[in-house]
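Student: What follows is a structure written as structure tokens; I'll ask about it next.
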There are 2 protein chains.
Amino acid sequence: MDDFKGFELPDVACGGEAADPQACACEAPRKRGRPRAFDPDAVLETVLEMFWMRGFANTSLDDIAAATGVSRPSLSATFGDKEALYLKAMERYRQAISGKLDQVLQCNGQNDNLRGIINRYFDVMIRSYTGDVDGESEAGECLGCAFMCTALNEAPRHESIMSVLQGTIEEFDARFERFFAKAQKMGHIGSNQNPKVMSQMITSLTSSLAVRARAGASRDDLKAIVEATTSFLFP
Amino acid sequence: MDDFKGFELPDVACGGEAADPQACACEAPRKRGRPRAFDPDAVLETVLEMFWMRGFANTSLDDIAAATGVSRPSLSATFGDKEALYLKAMERYRQAISGKLDQVLQCNGQNDNLRGIINRYFDVMIRSYTGDVDGESEAGECLGCAFMCTALNEAPRHESIMSVLQGTIEEFDARFERFFAKAQKMGHIGSNQNPKVMSQMITSLTSSLAVRARAGASRDDLKAIVEATTSFLFP
DNA sequence: ATATTTTTATGCGACATCGCAAATAAATAT
DNA sequence: ATATTTATTTGCGATGTCGCATAAAAATAT
């Protein structure tokens, strides 16, 4: 449907194409039976898009089968039931973001500008919340955060979704507490400041951006909010 | 079918009882036809709870009919279709919170403590996010915000839900911008500070609390976060 | 009393959704 | 070649969901 580019995880090692069995250069020994006719990773990306925009309950396995061209029995053989499929798609999403943040949130050189790093971080998040497609302008994707948009809805009904939601929050908290603790050691923030509080500020603003993006805020709206806040926090 | 309640009618505010037509003391002139056997407001409250905990898509009209004792045709005659019912329940929720905030967010007397007011505000929100039941301890309600938990999920599919989500965000923004502008005029925050930024801080933290509450954070967890942030913002 | 109005009760029909089972297809192992 | 393994295709059955249509019930109006 929409050409959302996802977060471009490295194209995973193939396991064989149906069309050309020998085209793949990877050394993985071919498995025994009939090879898969689809790329599970590509399917997960489509599945993520669908869950993201329609929610878990509103996305049927029939919809997914139609959108991916993979039949329901194949889906269930490969990924398990609907909940397992959702969890796998979300795990991909989580890892993609996590990878990007690993790149962006590095505070090494002591002439690194803390505010610059944080602004780069928010740039990444805003981009993921408003759609990566730069050219499309604001046709109205209203992505928001895939976790918040879907997991908040389902958490009370699915223990596993609740737990991945908790885990994601904890991961963000831990990441920023580490980051600011290190930044403090390197003298980028005063010793009177509290890394935990700084971390809370950043994660709070992040969740706010995700909500606003889903409600239709433009990329510029969000950037203005970030600019105002970061200029207050890092004067 | 299982839990048929027999003939006990729900307590109705007024408008007519089946048993005793004249028992009601209210002056509203009785309408012409058969009186309603249920209180629409009480139904909306139950409906809100259900949507809140299960989401829009996961709550069927059959579920609602069973939980309220009101048959589907009566529901649809009174409230319209499922989407209209959802919107009416959410409107009730919005107004209830709005009313509470009107009480709490008053900055009148000039020896009012700004930080105290903000803390009272967060107390109200935390209470609504973690369940009002004080005695129950933390049995695990994980309410969060009814809007965020349900509307984020449905927004792309329902124009009306998207729009009520936008409206709620704008209402919060406007409320706090007004509040801090007034607070600044009264000298509670320095003229070098920006009311808009303060407002963004508060709404951001609010959304963060809502997410964390849904993910299982306890009331004390949330209070600690608020305490840390407000002591930083209002030293 | 009879008519009118409004709400409630019952139930049908069309469709969506999921899980599963059986048959077919395409690869490797021997 | 034949057997084995793995994927795919096709389709059925049980259940859930919604909207609507019709009949019954309970009040007021005349």
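By convention here, the chains of the structure tokens are called A, B, ... in the order presented, each chain's residues are numbered starting at 1, and ligands are numbered starting at 1 in the order presented.
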Report the Cα RMSD between chain A and chain B after least-squares superposition, pairing every C-alpha atom in order.
Tutor: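 The superposed chains show a C-alpha RMSD of 4.6 Å.
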Student: Please report as number ranges by chain which residues of chain A come no farther than 12 Å from chain D, using only C-alpha atoms (C1' of nucleotides).
Tutor: A: 18, 30-38, 69-78
Student: From a DSSP calculation on the backbone, collect every residue of segment 51-170 of chain B in helix (DSSP H, G or I) and output the set as a PyMOL selection string.
Tutor: chain B and resi 51-54+61-68+72-79+82-104+114-130+146-157+159-170
Student: Pull the closest atom pair for each residue of chain C that gets at most 6 Å from chain A, along with the distance in Å to one decimal, counting only C-alpha atoms (C1' of nucleotides), ordering rows by chain and then ascending residue number, as a tab-separated table.
Tutor:
```
residue	atom	partner	partner_atom	distance
C:DA26	C1'	A:Arg34	CA	4.9
C:DA27	C1'	A:Arg34	CA	4.2
C:DT28	C1'	A:Arg32	CA	4.8
```
Student: For a test of reading the model, state the distance in Å between atom CA of Glu177 of chain B and atom CA of Ser199 of chain B, rounded to one decimal.
Tutor: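 For atom CA of Glu177 of chain B relative to atom CA of Ser199 of chain B, the distance reads 5.5 Å.
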Student: Residues of chain B within 9 Å of chain A, using only C-alpha atoms, as number ranges by chain?
Tutor: B: 52-58, 141-144, 148-157, 162-163, 165-166, 169, 193-194, 196-198, 200-201, 203-209, 211-212, 214-217, 225, 228-229, 232
Student: Given the selection you just returned, output its residues as a file containing C-alpha atoms, formatted as a PDB file, in the first residue's frame.
Tutor:
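Written out: part02.pdb:
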```pdb
ATOM      1  CA  TRP B  52     -10.760   1.555  28.131  1.00  0.00           C
ATOM      2  CA  MET B  53      -9.668  -1.902  29.127  1.00  0.00           C
ATOM      3  CA  ARG B  54     -10.358  -3.791  25.921  1.00  0.00           C
ATOM      4  CA  GLY B  55     -10.102  -1.193  23.204  1.00  0.00           C
ATOM      5  CA  PHE B  56     -12.642  -0.208  20.615  1.00  0.00           C
ATOM      6  CA  ALA B  57     -12.260  -3.105  18.235  1.00  0.00           C
ATOM      7  CA  ASN B  58     -12.134  -5.728  20.966  1.00  0.00           C
ATOM      8  CA  GLU B 141      -5.620  -2.260  36.934  1.00  0.00           C
ATOM      9  CA  CYS B 142      -3.157  -0.607  34.561  1.00  0.00           C
ATOM     10  CA  LEU B 143      -5.646   1.910  33.311  1.00  0.00           C
ATOM     11  CA  GLY B 144      -3.574   4.617  31.727  1.00  0.00           C
ATOM     12  CA  MET B 148      -4.275   7.273  24.474  1.00  0.00           C
ATOM     13  CA  CYS B 149      -5.056   3.618  25.013  1.00  0.00           C
ATOM     14  CA  THR B 150      -7.878   3.497  22.516  1.00  0.00           C
ATOM     15  CA  ALA B 151      -7.863   6.510  20.202  1.00  0.00           C
ATOM     16  CA  LEU B 152      -4.246   6.153  19.108  1.00  0.00           C
ATOM     17  CA  ASN B 153      -5.170   2.721  17.880  1.00  0.00           C
ATOM     18  CA  GLU B 154      -8.222   3.761  15.935  1.00  0.00           C
ATOM     19  CA  ALA B 155      -7.355   7.244  14.757  1.00  0.00           C
ATOM     20  CA  PRO B 156      -6.305   6.338  11.211  1.00  0.00           C
ATOM     21  CA  ARG B 157      -9.492   4.375  10.633  1.00  0.00           C
ATOM     22  CA  MET B 162      -8.823  11.314  15.107  1.00  0.00           C
ATOM     23  CA  SER B 163     -10.541  14.622  15.527  1.00  0.00           C
ATOM     24  CA  LEU B 165      -7.957  13.096  19.840  1.00  0.00           C
ATOM     25  CA  GLN B 166      -6.668  16.289  18.276  1.00  0.00           C
ATOM     26  CA  ILE B 169      -4.557  17.544  22.904  1.00  0.00           C
ATOM     27  CA  GLN B 193      10.799  31.775  31.369  1.00  0.00           C
ATOM     28  CA  ASN B 194       8.522  30.754  28.554  1.00  0.00           C
ATOM     29  CA  LYS B 196       4.678  27.684  26.324  1.00  0.00           C
ATOM     30  CA  VAL B 197       7.736  25.657  27.191  1.00  0.00           C
ATOM     31  CA  MET B 198       6.513  25.095  30.724  1.00  0.00           C
ATOM     32  CA  GLN B 200       4.990  21.499  26.994  1.00  0.00           C
ATOM     33  CA  MET B 201       6.915  20.085  29.919  1.00  0.00           C
ATOM     34  CA  THR B 203       1.828  17.849  28.952  1.00  0.00           C
ATOM     35  CA  SER B 204       4.819  15.733  27.999  1.00  0.00           C
ATOM     36  CA  LEU B 205       5.186  14.396  31.475  1.00  0.00           C
ATOM     37  CA  THR B 206       1.473  13.732  31.541  1.00  0.00           C
ATOM     38  CA  SER B 207       1.604  11.568  28.448  1.00  0.00           C
ATOM     39  CA  SER B 208       4.596   9.745  29.822  1.00  0.00           C
ATOM     40  CA  LEU B 209       2.740   8.962  33.035  1.00  0.00           C
ATOM     41  CA  VAL B 211       1.983   5.274  29.115  1.00  0.00           C
ATOM     42  CA  ARG B 212       3.860   4.073  32.151  1.00  0.00           C
ATOM     43  CA  ARG B 214      -0.718   1.366  31.300  1.00  0.00           C
ATOM     44  CA  ALA B 215       2.512  -0.608  31.291  1.00  0.00           C
ATOM     45  CA  GLY B 216       2.041  -1.418  34.954  1.00  0.00           C
ATOM     46  CA  ALA B 217       3.891   1.294  36.822  1.00  0.00           C
ATOM     47  CA  ILE B 225       8.841  10.628  38.569  1.00  0.00           C
ATOM     48  CA  ALA B 228      11.833  14.472  40.486  1.00  0.00           C
ATOM     49  CA  THR B 229      10.647  16.518  37.561  1.00  0.00           C
ATOM     50  CA  PHE B 232      13.752  20.383  38.844  1.00  0.00           C
TER      51      PHE B 232
END
```
Student: How far is it from atom CA of Ala181 of chain B to atom CA of Pro195 of chain B, in Å with one decimal?
Tutor: 5.5 Å
